[in-house]
Amino acid sequence: MATRCAFENSNEVGVFAALTNAYCLTGIGGSENFYSIFQAELSQHIPVVHATIGGNRFVGRTTAGNRRGLLVPSTTTDIELQHLRNSLPDSVVVQRIEERLSALGNIIATNDHVALIHPDTDRETEDVIVDVLGVEVFRQTVGGQALVGSYCKFTNQGGMVHPRTTVEDIEELCGLLQVPLIAGTVNRGSDVLGGGMVVNDWSAFVGLDTTGTEVSVIESIFKLQQRGAGTQGASMVTDMRSSLIDQLS
């Protein structure tokens, strides 16, 4: 299911948190409310880790990872790197990379099998992504936007892309990612999906401004509905999704 939350006064959940199937990172904030929401939902399954990157709290936009690894920028200090290695499962490889486009969360979108990256990403960075995350890599844009990590979000179950993405582009991306995709928004019409939510194969966290329709679409495409909820809810979500697509097209 999808949980609404906010970091202090910001609805940009994906800026201050990073979530995979093996771990969750949250920025160190003025209050523990943000961290405790993640802790309550996830702590029985995966570690929830307080972290900073280069002394900054926006861990979601500066890192990229999946269940096999975590990539952090060159601004990460040795102490921060050691803290991450100590806190994350032994199976997760933490790798610091020298990349000119250092907001890795904005230029890399990945699940456990495939990654989309900014067309101008260094060749060395692409090789590290393949080695550390164990994924197939494609240089791609989403809805004409080069910041693929900001404008799309996908897991092993499904994904959501920028609302202006054409049907042809969605079909091409579906072929690359091998998961169902839909064009949508978060936080009451925001197209910055990577900043507005974090999601893995069984849970999602979205900004407080996210509408009921947006939550329903997110839960549907990422397959987060509780099992046995009946067909009525599924058909309602389908109707909502169709109306949302009509509005955006």
# chains A, B, ... in the order shown; residues from 1 in each chain; ligands from 1

$ closest_atom_pairs --of "stretch 85-135 of chain A" --to "stretch 148-156 of chain A" --cutoff "9 Å" --atoms "only C-alpha atoms" --output "Markdown table"
| residue | atom | partner | partner_atom | distance |
| --- | --- | --- | --- | --- |
| A:Leu104 | CA | A:Gly149 | CA | 8.0 |
| A:Gly105 | CA | A:Gly149 | CA | 5.5 |
| A:Asn106 | CA | A:Gly149 | CA | 4.1 |
| A:Ile107 | CA | A:Gly149 | CA | 5.0 |
| A:Ile108 | CA | A:Gly149 | CA | 4.9 |
| A:Ala109 | CA | A:Gly149 | CA | 4.5 |
| A:Thr110 | CA | A:Phe154 | CA | 7.0 |
| A:Asn111 | CA | A:Thr155 | CA | 5.0 |
| A:Asp112 | CA | A:Asn156 | CA | 6.7 |
| A:His113 | CA | A:Asn156 | CA | 7.6 |
| A:Leu116 | CA | A:Val148 | CA | 6.7 |
| A:Ile117 | CA | A:Val148 | CA | 6.3 |
| A:His118 | CA | A:Val148 | CA | 6.2 |

$ residues_around --residues "A:Leu224" --least-positions-apart "5" --cutoff "12 Å" --atoms "only C-alpha atoms" --output "MDAnalysis selection string"
chainID A and resid 1:3 155:159 199:205 215:219 229 234

$ residues_around --residues "A:Thr121" --least-positions-apart "6" --cutoff "9 Å" --atoms "only C-alpha atoms" --output "number ranges by chain"
A: 99-101, 107, 139

$ write_last_selection --atoms "all heavy atoms" --output "tab-separated table (two decimals), in the first residue's frame"
chain	number	residue	atom	x	y	z
A	99	GLU	N	31.53	11.04	-10.96
A	99	GLU	CA	30.63	11.37	-12.06
A	99	GLU	C	30.35	12.86	-12.05
A	99	GLU	O	30.02	13.44	-11.01
A	99	GLU	CB	29.33	10.57	-11.92
A	99	GLU	CG	28.16	11.04	-12.78
A	99	GLU	CD	28.48	11.00	-14.28
A	99	GLU	OE1	28.93	9.96	-14.76
A	99	GLU	OE2	28.25	12.04	-14.94
A	100	ARG	N	30.54	13.49	-13.21
A	100	ARG	CA	30.33	14.95	-13.31
A	100	ARG	C	28.91	15.32	-12.92
A	100	ARG	O	28.68	16.32	-12.25
A	100	ARG	CB	30.63	15.36	-14.76
A	100	ARG	CG	30.47	16.82	-15.06
A	100	ARG	CD	30.92	17.08	-16.49
A	100	ARG	NE	30.27	16.17	-17.43
A	100	ARG	CZ	29.08	16.41	-17.98
A	100	ARG	NH1	28.41	17.51	-17.67
A	100	ARG	NH2	28.56	15.55	-18.84
A	101	LEU	N	27.93	14.52	-13.35
A	101	LEU	CA	26.52	14.75	-12.97
A	101	LEU	C	26.30	14.04	-11.63
A	101	LEU	O	25.88	12.89	-11.58
A	101	LEU	CB	25.60	14.19	-14.06
A	101	LEU	CG	25.85	14.72	-15.48
A	101	LEU	CD1	25.07	13.92	-16.51
A	101	LEU	CD2	25.48	16.19	-15.55
A	107	ILE	N	19.79	11.16	-12.42
A	107	ILE	CA	20.26	10.72	-13.75
A	107	ILE	C	20.18	9.20	-13.92
A	107	ILE	O	20.43	8.69	-15.01
A	107	ILE	CB	21.70	11.19	-14.02
A	107	ILE	CG1	22.70	10.54	-13.04
A	107	ILE	CG2	21.79	12.70	-13.97
A	107	ILE	CD1	24.15	10.72	-13.45
A	139	ARG	N	20.77	4.20	-22.30
A	139	ARG	CA	20.76	5.67	-22.30
A	139	ARG	C	19.45	6.12	-22.92
A	139	ARG	O	19.14	5.74	-24.05
A	139	ARG	CB	21.95	6.21	-23.09
A	139	ARG	CG	23.29	5.91	-22.43
A	139	ARG	CD	24.46	6.36	-23.27
A	139	ARG	NE	25.71	5.97	-22.63
A	139	ARG	CZ	26.41	6.76	-21.80
A	139	ARG	NH1	25.99	8.00	-21.56
A	139	ARG	NH2	27.52	6.33	-21.25

$ residues_around --residues "stretch 88-92 of chain A" --least-positions-apart "3" --cutoff "12 Å" --atoms "only C-alpha atoms" --output "ChimeraX atom specification"
/A:20-25,45-51,65-71,81-85,95,132-134

$ residues_around --residues "stretch 171-186 of chain A" --least-positions-apart "2" --cutoff "8 Å" --atoms "only C-alpha atoms" --output "ChimeraX atom specification"
/A:114,156-165,167-169,188-193,196-197,206-207,209-211,214-215,217,221,244-245

$ write_last_selection --atoms "C-alpha atoms" --output "mmCIF file, in the first residue's frame"
data_model
loop_
_atom_site.group_PDB
_atom_site.id
_atom_site.type_symbol
_atom_site.label_atom_id
_atom_site.label_comp_id
_atom_site.auth_asym_id
_atom_site.auth_seq_id
_atom_site.Cartn_x
_atom_site.Cartn_y
_atom_site.Cartn_z
ATOM 1 C CA VAL A 114 17.310 -2.744 -15.849
ATOM 2 C CA ASN A 156 10.200 -5.034 -10.728
ATOM 3 C CA GLN A 157 6.367 -4.901 -10.776
ATOM 4 C CA GLY A 158 5.566 -1.800 -12.832
ATOM 5 C CA GLY A 159 6.359 1.850 -13.354
ATOM 6 C CA MET A 160 5.176 5.403 -13.841
ATOM 7 C CA VAL A 161 6.522 7.970 -16.294
ATOM 8 C CA HIS A 162 6.226 11.714 -17.005
ATOM 9 C CA PRO A 163 2.608 12.625 -17.924
ATOM 10 C CA ARG A 164 3.685 14.107 -21.283
ATOM 11 C CA THR A 165 5.345 10.891 -22.435
ATOM 12 C CA VAL A 167 2.226 6.383 -26.246
ATOM 13 C CA GLU A 168 5.047 5.362 -28.621
ATOM 14 C CA ASP A 169 7.704 6.233 -26.004
ATOM 15 C CA ARG A 188 -1.541 16.858 -6.845
ATOM 16 C CA GLY A 189 -0.270 17.068 -10.415
ATOM 17 C CA SER A 190 3.526 17.182 -10.030
ATOM 18 C CA ASP A 191 5.407 15.514 -12.877
ATOM 19 C CA VAL A 192 8.594 15.092 -10.798
ATOM 20 C CA LEU A 193 7.847 11.482 -9.898
ATOM 21 C CA GLY A 196 7.495 12.974 -5.097
ATOM 22 C CA MET A 197 7.616 9.305 -4.103
ATOM 23 C CA VAL A 206 4.218 9.597 -1.408
ATOM 24 C CA GLY A 207 3.930 13.281 -0.506
ATOM 25 C CA ASP A 209 -0.479 16.442 -1.254
ATOM 26 C CA THR A 210 -0.962 13.281 -3.338
ATOM 27 C CA THR A 211 -4.652 12.890 -4.216
ATOM 28 C CA GLU A 214 -3.042 9.433 -7.735
ATOM 29 C CA VAL A 215 -2.635 7.010 -4.800
ATOM 30 C CA VAL A 217 -3.124 4.692 -9.745
ATOM 31 C CA ILE A 221 0.518 0.090 -11.463
ATOM 32 C CA LEU A 244 -6.450 10.412 -15.677
ATOM 33 C CA ILE A 245 -4.975 9.351 -19.022
#

$ residues_around --residues "A:Glu80" --least-positions-apart "3" --cutoff "12 Å" --atoms "only C-alpha atoms" --output "count of residues only"
24

$ select_by_dssp --residues "stretch 72-242 of chain A" --states "strand (DSSP E or B)" --output "short mmCIF file (atom, residue, chain, number, x, y, z; two decimals) with N, CA, C and O atoms, in the first residue's frame"
data_model
loop_
_atom_site.label_atom_id
_atom_site.label_comp_id
_atom_site.auth_asym_id
_atom_site.auth_seq_id
_atom_site.Cartn_x
_atom_site.Cartn_y
_atom_site.Cartn_z
N VAL A 72 27.03 6.06 -4.68
CA VAL A 72 27.05 7.38 -4.02
C VAL A 72 28.05 8.27 -4.75
O VAL A 72 29.00 7.77 -5.36
N PRO A 73 27.85 9.59 -4.71
CA PRO A 73 28.72 10.50 -5.48
C PRO A 73 30.07 10.71 -4.80
O PRO A 73 30.28 10.33 -3.63
N VAL A 93 26.58 -3.91 -2.14
CA VAL A 93 27.88 -3.28 -2.42
C VAL A 93 27.68 -1.76 -2.46
O VAL A 93 26.84 -1.26 -3.22
N VAL A 94 28.43 -1.03 -1.63
CA VAL A 94 28.36 0.44 -1.63
C VAL A 94 29.58 0.97 -2.39
O VAL A 94 30.72 0.69 -2.02
N GLN A 95 29.33 1.72 -3.46
CA GLN A 95 30.42 2.16 -4.34
C GLN A 95 30.35 3.67 -4.55
O GLN A 95 29.32 4.21 -4.94
N ARG A 96 31.47 4.34 -4.29
CA ARG A 96 31.57 5.78 -4.57
C ARG A 96 32.08 5.96 -6.01
O ARG A 96 33.04 5.30 -6.40
N ILE A 97 31.43 6.82 -6.78
CA ILE A 97 31.84 6.98 -8.18
C ILE A 97 32.11 8.45 -8.51
O ILE A 97 31.50 9.36 -7.96
N ILE A 108 19.84 8.47 -12.85
CA ILE A 108 19.73 7.01 -12.93
C ILE A 108 18.38 6.57 -12.38
O ILE A 108 18.00 6.95 -11.27
N ALA A 109 17.65 5.79 -13.16
CA ALA A 109 16.42 5.14 -12.68
C ALA A 109 16.63 3.64 -12.84
O ALA A 109 16.98 3.18 -13.94
N THR A 110 16.44 2.87 -11.78
CA THR A 110 16.78 1.45 -11.86
C THR A 110 15.85 0.59 -11.01
O THR A 110 15.30 1.06 -10.01
N VAL A 114 17.04 -3.70 -14.77
CA VAL A 114 17.31 -2.74 -15.85
C VAL A 114 17.51 -1.35 -15.26
O VAL A 114 16.87 -0.99 -14.28
N ALA A 115 18.40 -0.57 -15.89
CA ALA A 115 18.58 0.83 -15.49
C ALA A 115 18.48 1.74 -16.71
O ALA A 115 18.97 1.40 -17.79
N LEU A 116 17.81 2.88 -16.54
CA LEU A 116 17.83 3.96 -17.53
C LEU A 116 18.76 5.05 -17.01
O LEU A 116 18.72 5.37 -15.82
N ILE A 117 19.60 5.60 -17.88
CA ILE A 117 20.52 6.64 -17.43
C ILE A 117 20.48 7.84 -18.37
O ILE A 117 20.07 7.73 -19.53
N GLU A 136 21.10 -4.31 -16.79
CA GLU A 136 21.31 -3.90 -18.17
C GLU A 136 21.03 -2.40 -18.25
O GLU A 136 20.05 -1.92 -17.68
N VAL A 137 21.89 -1.65 -18.94
CA VAL A 137 21.81 -0.19 -18.93
C VAL A 137 21.43 0.35 -20.30
O VAL A 137 21.95 -0.09 -21.32
N PHE A 138 20.48 1.32 -20.30
CA PHE A 138 20.07 1.99 -21.55
C PHE A 138 20.16 3.50 -21.34
O PHE A 138 19.67 4.02 -20.33
N ARG A 139 20.77 4.20 -22.30
CA ARG A 139 20.76 5.67 -22.30
C ARG A 139 19.45 6.12 -22.92
O ARG A 139 19.14 5.74 -24.05
N VAL A 142 12.94 10.48 -21.04
CA VAL A 142 11.54 10.16 -20.70
C VAL A 142 10.71 11.42 -20.91
O VAL A 142 10.91 12.42 -20.23
N GLN A 145 12.62 14.47 -21.43
CA GLN A 145 13.43 14.91 -20.30
C GLN A 145 14.63 13.97 -20.12
O GLN A 145 14.47 12.76 -20.06
N CYS A 152 10.75 9.50 -14.00
CA CYS A 152 10.11 8.18 -14.04
C CYS A 152 10.48 7.41 -12.78
O CYS A 152 11.48 7.72 -12.12
N LYS A 153 9.65 6.45 -12.45
CA LYS A 153 9.89 5.62 -11.27
C LYS A 153 9.39 4.22 -11.61
O LYS A 153 8.23 4.06 -12.02
N PHE A 154 10.23 3.21 -11.46
CA PHE A 154 9.76 1.86 -11.76
C PHE A 154 10.42 0.84 -10.83
O PHE A 154 11.52 1.06 -10.31
N GLY A 159 5.72 0.55 -13.42
CA GLY A 159 6.36 1.85 -13.35
C GLY A 159 5.47 2.99 -13.80
O GLY A 159 4.42 2.78 -14.42
N MET A 160 5.91 4.19 -13.49
CA MET A 160 5.18 5.40 -13.84
C MET A 160 6.15 6.37 -14.50
O MET A 160 7.30 6.49 -14.07
N VAL A 161 5.67 7.05 -15.56
CA VAL A 161 6.52 7.97 -16.29
C VAL A 161 5.86 9.35 -16.38
O VAL A 161 4.68 9.52 -16.07
N LEU A 181 3.90 0.08 -17.79
CA LEU A 181 4.13 1.49 -17.46
C LEU A 181 2.86 2.29 -17.70
O LEU A 181 2.03 1.94 -18.54
N ILE A 182 2.73 3.40 -16.96
CA ILE A 182 1.62 4.32 -17.16
C ILE A 182 2.15 5.74 -16.97
O ILE A 182 3.10 5.96 -16.19
N ALA A 183 1.57 6.70 -17.69
CA ALA A 183 1.90 8.10 -17.47
C ALA A 183 1.06 8.61 -16.30
O ALA A 183 -0.13 8.33 -16.22
N VAL A 186 2.12 12.86 -9.23
CA VAL A 186 2.12 12.67 -7.78
C VAL A 186 2.00 14.06 -7.15
O VAL A 186 2.17 15.07 -7.84
N SER A 190 2.09 16.99 -9.78
CA SER A 190 3.53 17.18 -10.03
C SER A 190 4.04 16.09 -10.96
O SER A 190 3.75 14.91 -10.78
N MET A 197 7.92 10.59 -4.75
CA MET A 197 7.62 9.31 -4.10
C MET A 197 8.83 8.39 -4.12
O MET A 197 9.76 8.56 -4.92
N VAL A 198 8.82 7.42 -3.20
CA VAL A 198 9.75 6.29 -3.23
C VAL A 198 8.93 5.02 -3.19
O VAL A 198 7.87 4.97 -2.56
N VAL A 199 9.40 3.99 -3.87
CA VAL A 199 8.58 2.78 -3.98
C VAL A 199 9.49 1.57 -4.17
O VAL A 199 10.56 1.67 -4.77
N ALA A 204 5.01 1.81 -0.90
CA ALA A 204 5.31 3.11 -1.51
C ALA A 204 5.06 4.21 -0.49
O ALA A 204 4.21 4.08 0.40
N PHE A 205 5.81 5.29 -0.62
CA PHE A 205 5.64 6.47 0.23
C PHE A 205 5.55 7.67 -0.69
O PHE A 205 6.43 7.89 -1.54
N VAL A 206 4.48 8.46 -0.53
CA VAL A 206 4.22 9.60 -1.41
C VAL A 206 4.02 10.85 -0.57
O VAL A 206 3.80 10.78 0.64
N GLY A 207 4.11 12.02 -1.21
CA GLY A 207 3.93 13.28 -0.51
C GLY A 207 2.51 13.47 0.00
O GLY A 207 1.55 12.88 -0.52
#

$ residues_around --residues "A:Phe58" --least-positions-apart "6" --cutoff "9 Å" --atoms "only C-alpha atoms" --output "list in words"
Gly14, Val15, Phe16, Ala17, Thr26, Gly27, Ile28 and Thr52 of chain A

$ atom_distance --atom1 "atom CA of A:Leu19" --atom2 "atom CA of A:Gly144"
25.6 Å
